[in-house]
Each structure stands twice: as C-alpha cells, then as structure tokens.
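Read through the structure below, which is laid out as structure tokens, and then see the notes.
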Amino acid sequence: MDWLEPFLKIHPHLRAHVDLLAVPPDAAEALAKYPQLEREPDLLERANRLVCHNGQGHGLTVLALYMVSRRKRSSHTFAAMAAMQQSARVNTNDTFWSGRKHFSQVYGETYANDIKKKLAAQGVNMMAGEYMPEIARYRGDPEAYVPFSGARDHIRKVCEKRGWACEGAVNVKGREPEKDPHAPENGVALAEDLVVKKAGEIITKNPELKRKTKGEIRQMVTEKHGRQK
C-alpha cells in the first residue's frame with residue numbers, strides 16, 4: 001500500500017484510523033456495530049464512495065468517515081451528516097405533514113365521507129390523525145389511518161408488517177409475502193349475500209342449472225369467485 005503513508009502525511013488526523021483506510025468497511029460490518037444505519041439508506045448506498053482521495057482511487061470512503069466520527073463519540077445524526085457532507089435532515093411531525101393536502105381535497109368529499117363512515121363503524125376517531133389512501137389495502141382500511149403524532153413510526157410499522165417497500169420520508173425494505181396471496185386457503189371469504197347474488201346470475205344465464213341443488217350451485221359460485229365463509 002504505497003499510497004497510504006503519503007496520504008496520512010496529508011491527513012494526519014486519520015492515522016489513528018488507518019485500519020478503515022487500508023480495508024474500507026462494508027455495509028454489513030457497519031450495520032452490525034451501528035444498527036442506526038438502517039435508517040440511512042442513502043448513506044449505505046454511497047458507502048464506498050470516496051470523501052477524500054489521493055487522485056488514484058484510494059482514500060477515505062463515506063462509510064469509513066461515518067465510523068471515524070462514531071469512534072470520536074459523535075452522535076449517529078452528526079456522523080451521518082458529516083459522512084454525507086450535508087446538513088442534518090429535519091424529520092419532525094410538522095415537516096412530514098407540511099404541504100400535504102387532506103385526502104378529501106384529492107379524492108373528493110363523497111369519497112372522504114364514505115371513508116369517515118366506514119372508519120367510524122370500526123371505532124376510529126379521525127380527530128387525531130388523517131386517512132392515507134396510499135397505504136390502504138381496501139376502502140376504509142383502519143391501518144391507513146395515520147396519527148398526526150408518530151406518523152412515520154406508524155407507516156414504518158405498517159409497511160414492515162406487510163412487507164411493503166417504502167422510500168422517501170419513511171424508508172422500508174420490501175420482502176416476499178409470508179403467504180401466497182393467490183392460494184385458495186388464503187383467499188378472502190365470500191359473503192353470503194354475494195353467494196346468493198352470484199347464484200342468481202348463474203341461473204339466469206343458464207336456466208338448466210335450476211335442476212341442481214342449492215349446495216351444488218353454492219359450490220360453483222365459491223369455486224369461481226372465492227371461498228365460502
């Protein structure tokens with residue numbers, strides 16, 4: 001490593017951290033020591049970029065600089081700021097909601113009133129939060145009701161539970177579903193009123209099916225449209 005000693009003469013403050021220069025840390029190593037880095041996907045993505053170098057591809061990487069700062073007892077926030085060479089991001093509840101339109105302004109009052117009615121029926125009080133259609137699995141999903149206080153944590157937990165990827169104000173890595181959503185045993189139960197409705201439609205289209213028993217008709221409906229409750 002002929003480059004190392006000349007580099008240290010220019011940057012003597014890094015001599016105590018020569019190990020991070022000789023063998024730059026990788027993301028797995030850094031995460032094991034500093035789990036807070038999970039909240040810094042941008043930093044991890046730039047982990048091997050050089051912050052300062054000798055002009056020949058050798059020097060101090062972004063992740064190495066982060067670890068140097070932590071060794072000097074800097075906080076995670078300060079170390080990440082130094083490594084990324086930018087001001088710390090302000091992630092308060094106010095900044096999260098700032099500039100966001102109420103969902104009724106985006107989707108209309110009719111939609112909003114329907115959502116409020118569905119949530120109220122489930123015991124959700126909308127005075128302390130807002131409904132976010134972006135994370136709703138269906139209309140009126142109570143998990144899409146996000147409290148004003150702790151909005152990021154709520155969204156993060158919802159996405160982590162579902163295995164959804166999320167990037168932006170909240171960063172979550174996606175994962176494969178724990179169950180096959182298309183498997184028959186994981187299907188959503190078909191409500192009784194829908195079974196009756198679909199049975200009527202089938203018989204109307206094919207009157208000869210009147211000869212079949214109700215049980216046989218029900219079986220045809222559930223096999224085609226979903227499992228029975």
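Each chain in the structure tokens gets a letter, A, B and so on, in the order shown; residues start at 1 in every chain, and ligands are counted from 1 in the order they appear.
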(message) Can you tell me, as a VMD selection string, which residues in range 16-105 of chain A count as strand (DSSP E) by DSSP?
(response) chain A and resid 50 to 53 59 to 61
(message) So that I can check the secondary structure, give me every residue of range 67-112 of chain A assigned helix (DSSP H, G or I) by backbone DSSP, as JSON, numbers by chain.
(response) {"A": [67, 68, 69, 70, 71, 76, 77, 78, 79, 80, 81, 82, 83, 84, 93, 94, 95, 96, 97, 103, 104, 105, 106, 107, 109, 110, 111, 112]}
Restricting the output to N, CA, C and O atoms, write the selected residues as an mmCIF file, in the first residue's frame.
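File selection_14.cif, as written:
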```cif
data_model
loop_
_atom_site.group_PDB
_atom_site.id
_atom_site.type_symbol
_atom_site.label_atom_id
_atom_site.label_comp_id
_atom_site.auth_asym_id
_atom_site.auth_seq_id
_atom_site.Cartn_x
_atom_site.Cartn_y
_atom_site.Cartn_z
ATOM 1 N N MET A 67 -17.714 5.962 10.447
ATOM 2 C CA MET A 67 -17.177 5.182 11.558
ATOM 3 C C MET A 67 -16.088 5.948 12.309
ATOM 4 O O MET A 67 -15.953 5.814 13.529
ATOM 5 N N VAL A 68 -15.328 6.756 11.600
ATOM 6 C CA VAL A 68 -14.340 7.612 12.268
ATOM 7 C C VAL A 68 -15.050 8.559 13.235
ATOM 8 O O VAL A 68 -14.638 8.727 14.389
ATOM 9 N N SER A 69 -16.130 9.150 12.770
ATOM 10 C CA SER A 69 -16.886 10.083 13.610
ATOM 11 C C SER A 69 -17.468 9.387 14.832
ATOM 12 O O SER A 69 -17.437 9.926 15.942
ATOM 13 N N ARG A 70 -17.988 8.179 14.644
ATOM 14 C CA ARG A 70 -18.563 7.454 15.775
ATOM 15 C C ARG A 70 -17.480 7.063 16.776
ATOM 16 O O ARG A 70 -17.711 7.070 17.985
ATOM 17 N N ARG A 71 -16.299 6.720 16.281
ATOM 18 C CA ARG A 71 -15.193 6.401 17.185
ATOM 19 C C ARG A 71 -14.816 7.605 18.041
ATOM 20 O O ARG A 71 -14.341 7.456 19.166
ATOM 21 N N HIS A 76 -25.004 9.549 16.175
ATOM 22 C CA HIS A 76 -25.329 8.982 14.859
ATOM 23 C C HIS A 76 -25.698 10.086 13.873
ATOM 24 O O HIS A 76 -25.230 10.094 12.728
ATOM 25 N N THR A 77 -26.536 11.016 14.319
ATOM 26 C CA THR A 77 -27.002 12.085 13.431
ATOM 27 C C THR A 77 -25.844 12.919 12.908
ATOM 28 O O THR A 77 -25.760 13.210 11.706
ATOM 29 N N PHE A 78 -24.936 13.294 13.804
ATOM 30 C CA PHE A 78 -23.802 14.115 13.380
ATOM 31 C C PHE A 78 -22.878 13.329 12.454
ATOM 32 O O PHE A 78 -22.392 13.857 11.442
ATOM 33 N N ALA A 79 -22.626 12.056 12.790
ATOM 34 C CA ALA A 79 -21.732 11.237 11.971
ATOM 35 C C ALA A 79 -22.300 11.045 10.565
ATOM 36 O O ALA A 79 -21.565 11.109 9.569
ATOM 37 N N ALA A 80 -23.606 10.821 10.478
ATOM 38 C CA ALA A 80 -24.243 10.656 9.166
ATOM 39 C C ALA A 80 -24.174 11.955 8.374
ATOM 40 O O ALA A 80 -23.928 11.951 7.162
ATOM 41 N N MET A 81 -24.387 13.069 9.060
ATOM 42 C CA MET A 81 -24.309 14.376 8.409
ATOM 43 C C MET A 81 -22.901 14.621 7.866
ATOM 44 O O MET A 81 -22.727 15.072 6.726
ATOM 45 N N ALA A 82 -21.892 14.294 8.677
ATOM 46 C CA ALA A 82 -20.507 14.501 8.250
ATOM 47 C C ALA A 82 -20.152 13.600 7.070
ATOM 48 O O ALA A 82 -19.513 14.034 6.109
ATOM 49 N N ALA A 83 -20.569 12.340 7.154
ATOM 50 C CA ALA A 83 -20.248 11.386 6.090
ATOM 51 C C ALA A 83 -20.892 11.777 4.769
ATOM 52 O O ALA A 83 -20.283 11.649 3.702
ATOM 53 N N MET A 84 -22.125 12.262 4.836
ATOM 54 C CA MET A 84 -22.840 12.656 3.624
ATOM 55 C C MET A 84 -22.502 14.082 3.207
ATOM 56 O O MET A 84 -22.897 14.536 2.140
ATOM 57 N N ASN A 93 -42.784 15.846 12.941
ATOM 58 C CA ASN A 93 -44.155 15.599 12.508
ATOM 59 C C ASN A 93 -44.658 16.736 11.635
ATOM 60 O O ASN A 93 -45.377 16.527 10.661
ATOM 61 N N ASP A 94 -44.266 17.967 11.998
ATOM 62 C CA ASP A 94 -44.724 19.127 11.230
ATOM 63 C C ASP A 94 -44.203 19.082 9.798
ATOM 64 O O ASP A 94 -44.935 19.375 8.849
ATOM 65 N N THR A 95 -42.924 18.718 9.628
ATOM 66 C CA THR A 95 -42.375 18.679 8.268
ATOM 67 C C THR A 95 -42.986 17.536 7.467
ATOM 68 O O THR A 95 -43.120 17.630 6.251
ATOM 69 N N PHE A 96 -43.357 16.447 8.145
ATOM 70 C CA PHE A 96 -43.969 15.323 7.436
ATOM 71 C C PHE A 96 -45.310 15.731 6.833
ATOM 72 O O PHE A 96 -45.616 15.417 5.680
ATOM 73 N N TRP A 97 -46.113 16.432 7.618
ATOM 74 C CA TRP A 97 -47.453 16.797 7.158
ATOM 75 C C TRP A 97 -47.465 18.086 6.347
ATOM 76 O O TRP A 97 -48.443 18.375 5.653
ATOM 77 N N PHE A 103 -56.922 14.301 2.312
ATOM 78 C CA PHE A 103 -57.342 13.338 1.284
ATOM 79 C C PHE A 103 -58.685 13.697 0.652
ATOM 80 O O PHE A 103 -58.963 13.323 -0.483
ATOM 81 N N SER A 104 -59.512 14.459 1.359
ATOM 82 C CA SER A 104 -60.797 14.873 0.784
ATOM 83 C C SER A 104 -60.594 15.853 -0.372
ATOM 84 O O SER A 104 -61.400 15.902 -1.306
ATOM 85 N N GLN A 105 -59.496 16.621 -0.325
ATOM 86 C CA GLN A 105 -59.195 17.560 -1.405
ATOM 87 C C GLN A 105 -58.698 16.840 -2.649
ATOM 88 O O GLN A 105 -58.838 17.341 -3.764
ATOM 89 N N VAL A 106 -58.117 15.683 -2.448
ATOM 90 C CA VAL A 106 -57.561 14.919 -3.569
ATOM 91 C C VAL A 106 -58.599 13.969 -4.162
ATOM 92 O O VAL A 106 -58.733 13.855 -5.387
ATOM 93 N N TYR A 107 -59.350 13.300 -3.292
ATOM 94 C CA TYR A 107 -60.279 12.265 -3.752
ATOM 95 C C TYR A 107 -61.741 12.718 -3.772
ATOM 96 O O TYR A 107 -62.594 11.997 -4.279
ATOM 97 N N GLU A 109 -65.154 14.944 -1.695
ATOM 98 C CA GLU A 109 -65.920 14.850 -0.454
ATOM 99 C C GLU A 109 -66.733 13.559 -0.361
ATOM 100 O O GLU A 109 -66.895 12.996 0.716
ATOM 101 N N THR A 110 -67.261 13.098 -1.492
ATOM 102 C CA THR A 110 -68.062 11.867 -1.467
ATOM 103 C C THR A 110 -67.226 10.694 -0.978
ATOM 104 O O THR A 110 -67.646 9.914 -0.111
ATOM 105 N N TYR A 111 -66.034 10.586 -1.537
ATOM 106 C CA TYR A 111 -65.111 9.518 -1.121
ATOM 107 C C TYR A 111 -64.741 9.689 0.352
ATOM 108 O O TYR A 111 -64.757 8.724 1.131
ATOM 109 N N ALA A 112 -64.409 10.915 0.742
ATOM 110 C CA ALA A 112 -63.981 11.187 2.113
ATOM 111 C C ALA A 112 -65.085 10.849 3.115
ATOM 112 O O ALA A 112 -64.824 10.249 4.164
#
```
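The closest residue to Glu45 in chain A, picked from A:Leu119, A:Leu63, A:Cys159, A:Ala199 and counting only C-alpha atoms, is A:Leu63.
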Per residue of range 42-120 of chain A within 7 Å of range 5-24 of chain A, which atom pair is closest and at what distance in Å (one decimal), using only C-alpha atoms, listed by chain and increasing number, as JSON lines?
```
{"residue": "A:Asn54", "atom": "CA", "partner": "A:Phe7", "partner_atom": "CA", "distance": 6.6}
{"residue": "A:Gly59", "atom": "CA", "partner": "A:Leu21", "partner_atom": "CA", "distance": 6.3}
{"residue": "A:Leu60", "atom": "CA", "partner": "A:Leu21", "partner_atom": "CA", "distance": 5.9}
{"residue": "A:Thr61", "atom": "CA", "partner": "A:Pro24", "partner_atom": "CA", "distance": 6.8}
{"residue": "A:Ala64", "atom": "CA", "partner": "A:Leu20", "partner_atom": "CA", "distance": 5.7}
{"residue": "A:Val68", "atom": "CA", "partner": "A:His17", "partner_atom": "CA", "distance": 6.9}
```
Keeping only N, CA, C and O atoms, write the selected residues to a file as a CSV table (one decimal), in the first residue's frame.
```csv
chain,number,residue,atom,x,y,z
A,54,ASN,N,-6.5,10.3,-3.0
A,54,ASN,CA,-5.2,10.7,-3.5
A,54,ASN,C,-5.1,10.9,-5.0
A,54,ASN,O,-4.1,11.1,-5.6
A,59,GLY,N,-8.4,6.2,-0.7
A,59,GLY,CA,-8.7,7.3,0.3
A,59,GLY,C,-9.7,6.9,1.3
A,59,GLY,O,-9.8,5.7,1.6
A,60,LEU,N,-10.5,7.9,1.8
A,60,LEU,CA,-11.5,7.7,2.9
A,60,LEU,C,-12.9,7.6,2.3
A,60,LEU,O,-13.3,8.5,1.6
A,61,THR,N,-13.5,6.4,2.5
A,61,THR,CA,-14.9,6.3,2.0
A,61,THR,C,-15.9,6.9,2.9
A,61,THR,O,-15.7,7.3,4.0
A,64,ALA,N,-16.4,4.8,5.9
A,64,ALA,CA,-15.3,4.9,6.8
A,64,ALA,C,-15.3,6.2,7.6
A,64,ALA,O,-15.0,6.3,8.8
A,68,VAL,N,-15.3,6.8,11.6
A,68,VAL,CA,-14.3,7.6,12.3
A,68,VAL,C,-15.1,8.6,13.2
A,68,VAL,O,-14.6,8.7,14.4
```
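With only C-alpha atoms taken into account, the protein and nucleic acid residues at most 12 Å from Ile217 in chain A (excluding it and anything under 4 positions from it in its own chain) are Val195, Val196, Lys197, Lys198, Ala199, Gly200, Glu201, Ile202, Ile203, Asn206, Pro207, Glu208, Leu209, Lys210, Arg211, Lys212, Thr213, Val221, Thr222, Glu223 and Lys224 of chain A.
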Need to verify the contact set: Val62 in chain A, 8 Å, only C-alpha atoms, exclusion of same-chain residues closer than 3 positions in sequence. Can you return it as an mmCIF file with all heavy atoms, in the first residue's frame?
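New file out21.cif:
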```
data_model
loop_
_atom_site.group_PDB
_atom_site.id
_atom_site.type_symbol
_atom_site.label_atom_id
_atom_site.label_comp_id
_atom_site.auth_asym_id
_atom_site.auth_seq_id
_atom_site.Cartn_x
_atom_site.Cartn_y
_atom_site.Cartn_z
ATOM 1 N N LEU A 43 -26.920 6.792 2.761
ATOM 2 C CA LEU A 43 -25.528 6.657 3.187
ATOM 3 C C LEU A 43 -24.991 5.277 2.812
ATOM 4 O O LEU A 43 -23.878 5.149 2.290
ATOM 5 C CB LEU A 43 -25.425 6.892 4.697
ATOM 6 C CG LEU A 43 -24.018 7.073 5.290
ATOM 7 C CD1 LEU A 43 -24.097 7.849 6.607
ATOM 8 C CD2 LEU A 43 -23.325 5.736 5.537
ATOM 9 N N ARG A 46 -24.128 4.922 -0.766
ATOM 10 C CA ARG A 46 -22.887 5.620 -1.141
ATOM 11 C C ARG A 46 -21.690 5.159 -0.315
ATOM 12 O O ARG A 46 -20.647 5.805 -0.317
ATOM 13 C CB ARG A 46 -23.078 7.129 -0.956
ATOM 14 C CG ARG A 46 -24.141 7.738 -1.859
ATOM 15 C CD ARG A 46 -24.443 9.172 -1.439
ATOM 16 N NE ARG A 46 -25.337 9.863 -2.347
ATOM 17 C CZ ARG A 46 -26.649 9.703 -2.382
ATOM 18 N NH1 ARG A 46 -27.223 8.865 -1.532
ATOM 19 N NH2 ARG A 46 -27.395 10.362 -3.239
ATOM 20 N N ALA A 47 -21.838 4.044 0.373
ATOM 21 C CA ALA A 47 -20.840 3.583 1.343
ATOM 22 C C ALA A 47 -19.411 3.597 0.826
ATOM 23 O O ALA A 47 -18.481 3.988 1.539
ATOM 24 C CB ALA A 47 -21.205 2.181 1.828
ATOM 25 N N ASN A 48 -19.203 3.187 -0.412
ATOM 26 C CA ASN A 48 -17.836 3.039 -0.934
ATOM 27 C C ASN A 48 -17.335 4.237 -1.734
ATOM 28 O O ASN A 48 -16.239 4.188 -2.297
ATOM 29 C CB ASN A 48 -17.756 1.775 -1.796
ATOM 30 C CG ASN A 48 -17.995 0.516 -0.977
ATOM 31 O OD1 ASN A 48 -17.524 0.399 0.147
ATOM 32 N ND2 ASN A 48 -18.749 -0.419 -1.538
ATOM 33 N N ARG A 49 -18.121 5.288 -1.775
ATOM 34 C CA ARG A 49 -17.657 6.483 -2.475
ATOM 35 C C ARG A 49 -16.580 7.182 -1.647
ATOM 36 O O ARG A 49 -16.630 7.194 -0.419
ATOM 37 C CB ARG A 49 -18.818 7.443 -2.732
ATOM 38 C CG ARG A 49 -19.844 6.895 -3.714
ATOM 39 C CD ARG A 49 -20.877 7.939 -4.065
ATOM 40 N NE ARG A 49 -21.916 7.398 -4.933
ATOM 41 C CZ ARG A 49 -22.926 8.100 -5.420
ATOM 42 N NH1 ARG A 49 -23.040 9.387 -5.116
ATOM 43 N NH2 ARG A 49 -23.828 7.537 -6.197
ATOM 44 N N LEU A 50 -15.624 7.769 -2.318
ATOM 45 C CA LEU A 50 -14.514 8.419 -1.621
ATOM 46 C C LEU A 50 -14.864 9.853 -1.244
ATOM 47 O O LEU A 50 -15.307 10.638 -2.081
ATOM 48 C CB LEU A 50 -13.268 8.403 -2.499
ATOM 49 C CG LEU A 50 -12.674 7.014 -2.788
ATOM 50 C CD1 LEU A 50 -11.528 7.124 -3.785
ATOM 51 C CD2 LEU A 50 -12.195 6.352 -1.503
ATOM 52 N N VAL A 51 -14.645 10.157 0.029
ATOM 53 C CA VAL A 51 -14.864 11.515 0.517
ATOM 54 C C VAL A 51 -13.631 12.362 0.223
ATOM 55 O O VAL A 51 -13.720 13.505 -0.211
ATOM 56 C CB VAL A 51 -15.153 11.507 2.036
ATOM 57 C CG1 VAL A 51 -15.332 12.929 2.553
ATOM 58 C CG2 VAL A 51 -16.386 10.671 2.337
ATOM 59 N N LEU A 65 -15.714 7.325 6.959
ATOM 60 C CA LEU A 65 -15.807 8.616 7.641
ATOM 61 C C LEU A 65 -16.878 8.574 8.724
ATOM 62 O O LEU A 65 -16.703 9.126 9.811
ATOM 63 C CB LEU A 65 -16.111 9.727 6.637
ATOM 64 C CG LEU A 65 -16.285 11.135 7.227
ATOM 65 C CD1 LEU A 65 -15.091 11.527 8.082
ATOM 66 C CD2 LEU A 65 -16.512 12.150 6.111
ATOM 67 N N TYR A 66 -17.984 7.907 8.436
ATOM 68 C CA TYR A 66 -19.034 7.749 9.452
ATOM 69 C C TYR A 66 -18.464 7.043 10.679
ATOM 70 O O TYR A 66 -18.678 7.469 11.820
ATOM 71 C CB TYR A 66 -20.210 6.950 8.880
ATOM 72 C CG TYR A 66 -21.239 6.572 9.918
ATOM 73 C CD1 TYR A 66 -22.272 7.435 10.258
ATOM 74 C CD2 TYR A 66 -21.162 5.343 10.586
ATOM 75 C CE1 TYR A 66 -23.207 7.098 11.232
ATOM 76 C CE2 TYR A 66 -22.091 4.993 11.555
ATOM 77 C CZ TYR A 66 -23.107 5.872 11.878
ATOM 78 O OH TYR A 66 -24.027 5.534 12.850
ATOM 79 N N ALA A 83 -20.569 12.340 7.154
ATOM 80 C CA ALA A 83 -20.248 11.386 6.090
ATOM 81 C C ALA A 83 -20.892 11.777 4.769
ATOM 82 O O ALA A 83 -20.283 11.649 3.702
ATOM 83 C CB ALA A 83 -20.689 9.984 6.500
ATOM 84 N N MET A 84 -22.125 12.262 4.836
ATOM 85 C CA MET A 84 -22.840 12.656 3.624
ATOM 86 C C MET A 84 -22.502 14.082 3.207
ATOM 87 O O MET A 84 -22.897 14.536 2.140
ATOM 88 C CB MET A 84 -24.351 12.521 3.852
ATOM 89 C CG MET A 84 -24.814 11.085 4.078
ATOM 90 S SD MET A 84 -24.607 10.054 2.616
ATOM 91 C CE MET A 84 -25.934 10.689 1.588
#
```
Need to verify the contact set: range 114-117 of chain A, 9 Å, only C-alpha atoms, exclusion of same-chain residues closer than 6 positions in sequence. Can you return it as a PDB file with all heavy atoms, in the first residue's frame?
```
ATOM      1  N   VAL A 124     -62.916   4.130  14.797  1.00  0.00           N
ATOM      2  CA  VAL A 124     -61.769   5.008  14.567  1.00  0.00           C
ATOM      3  C   VAL A 124     -62.207   6.467  14.647  1.00  0.00           C
ATOM      4  O   VAL A 124     -63.097   6.902  13.914  1.00  0.00           O
ATOM      5  CB  VAL A 124     -61.126   4.743  13.188  1.00  0.00           C
ATOM      6  CG1 VAL A 124     -59.974   5.716  12.945  1.00  0.00           C
ATOM      7  CG2 VAL A 124     -60.635   3.311  13.106  1.00  0.00           C
ATOM      8  N   ASN A 125     -61.584   7.214  15.543  1.00  0.00           N
ATOM      9  CA  ASN A 125     -61.860   8.640  15.695  1.00  0.00           C
ATOM     10  C   ASN A 125     -60.840   9.419  14.870  1.00  0.00           C
ATOM     11  O   ASN A 125     -59.642   9.352  15.131  1.00  0.00           O
ATOM     12  CB  ASN A 125     -61.756   9.029  17.173  1.00  0.00           C
ATOM     13  CG  ASN A 125     -62.099  10.492  17.411  1.00  0.00           C
ATOM     14  OD1 ASN A 125     -62.147  11.294  16.484  1.00  0.00           O
ATOM     15  ND2 ASN A 125     -62.343  10.842  18.659  1.00  0.00           N
ATOM     16  N   MET A 126     -61.297  10.171  13.889  1.00  0.00           N
ATOM     17  CA  MET A 126     -60.383  10.842  12.964  1.00  0.00           C
ATOM     18  C   MET A 126     -59.935  12.224  13.431  1.00  0.00           C
ATOM     19  O   MET A 126     -59.348  12.980  12.665  1.00  0.00           O
ATOM     20  CB  MET A 126     -61.022  10.946  11.580  1.00  0.00           C
ATOM     21  CG  MET A 126     -61.261   9.597  10.924  1.00  0.00           C
ATOM     22  SD  MET A 126     -61.706   9.736   9.186  1.00  0.00           S
ATOM     23  CE  MET A 126     -60.201  10.402   8.467  1.00  0.00           C
ATOM     24  N   TYR A 131     -56.483   9.954   7.222  1.00  0.00           N
ATOM     25  CA  TYR A 131     -56.525   8.733   6.418  1.00  0.00           C
ATOM     26  C   TYR A 131     -55.594   8.902   5.221  1.00  0.00           C
ATOM     27  O   TYR A 131     -55.618   9.925   4.542  1.00  0.00           O
ATOM     28  CB  TYR A 131     -57.959   8.496   5.944  1.00  0.00           C
ATOM     29  CG  TYR A 131     -58.176   7.218   5.172  1.00  0.00           C
ATOM     30  CD1 TYR A 131     -58.240   5.985   5.827  1.00  0.00           C
ATOM     31  CD2 TYR A 131     -58.338   7.241   3.794  1.00  0.00           C
ATOM     32  CE1 TYR A 131     -58.466   4.815   5.120  1.00  0.00           C
ATOM     33  CE2 TYR A 131     -58.563   6.073   3.081  1.00  0.00           C
ATOM     34  CZ  TYR A 131     -58.624   4.864   3.744  1.00  0.00           C
ATOM     35  OH  TYR A 131     -58.844   3.709   3.040  1.00  0.00           O
ATOM     36  N   ARG A 139     -60.853   0.128   0.751  1.00  0.00           N
ATOM     37  CA  ARG A 139     -61.509   1.369   1.173  1.00  0.00           C
ATOM     38  C   ARG A 139     -61.957   1.263   2.633  1.00  0.00           C
ATOM     39  O   ARG A 139     -62.711   0.374   3.005  1.00  0.00           O
ATOM     40  CB  ARG A 139     -62.720   1.653   0.281  1.00  0.00           C
ATOM     41  CG  ARG A 139     -63.414   2.961   0.618  1.00  0.00           C
ATOM     42  CD  ARG A 139     -64.568   3.252  -0.315  1.00  0.00           C
ATOM     43  NE  ARG A 139     -64.120   3.628  -1.648  1.00  0.00           N
ATOM     44  CZ  ARG A 139     -64.831   4.389  -2.481  1.00  0.00           C
ATOM     45  NH1 ARG A 139     -66.016   4.853  -2.110  1.00  0.00           N
ATOM     46  NH2 ARG A 139     -64.376   4.671  -3.673  1.00  0.00           N
ATOM     47  N   GLY A 140     -61.432   2.168   3.451  1.00  0.00           N
ATOM     48  CA  GLY A 140     -61.786   2.161   4.866  1.00  0.00           C
ATOM     49  C   GLY A 140     -60.870   1.306   5.721  1.00  0.00           C
ATOM     50  O   GLY A 140     -61.207   0.959   6.852  1.00  0.00           O
ATOM     51  N   ASP A 141     -59.689   0.978   5.205  1.00  0.00           N
ATOM     52  CA  ASP A 141     -58.712   0.190   5.965  1.00  0.00           C
ATOM     53  C   ASP A 141     -58.280   0.987   7.198  1.00  0.00           C
ATOM     54  O   ASP A 141     -57.696   2.063   7.073  1.00  0.00           O
ATOM     55  CB  ASP A 141     -57.500  -0.103   5.080  1.00  0.00           C
ATOM     56  CG  ASP A 141     -56.450  -0.962   5.782  1.00  0.00           C
ATOM     57  OD1 ASP A 141     -56.664  -1.326   6.953  1.00  0.00           O
ATOM     58  OD2 ASP A 141     -55.425  -1.270   5.144  1.00  0.00           O
TER      59      ASP A 141
END
```
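Across the structure, CA of Glu160 in chain A and CA of Arg175 in chain A are spaced 8.5 Å apart.
Closest to His58 in chain A among A:Ser98, A:Gly123, A:Leu194, A:Trp3 is A:Trp3, based on only C-alpha atoms.
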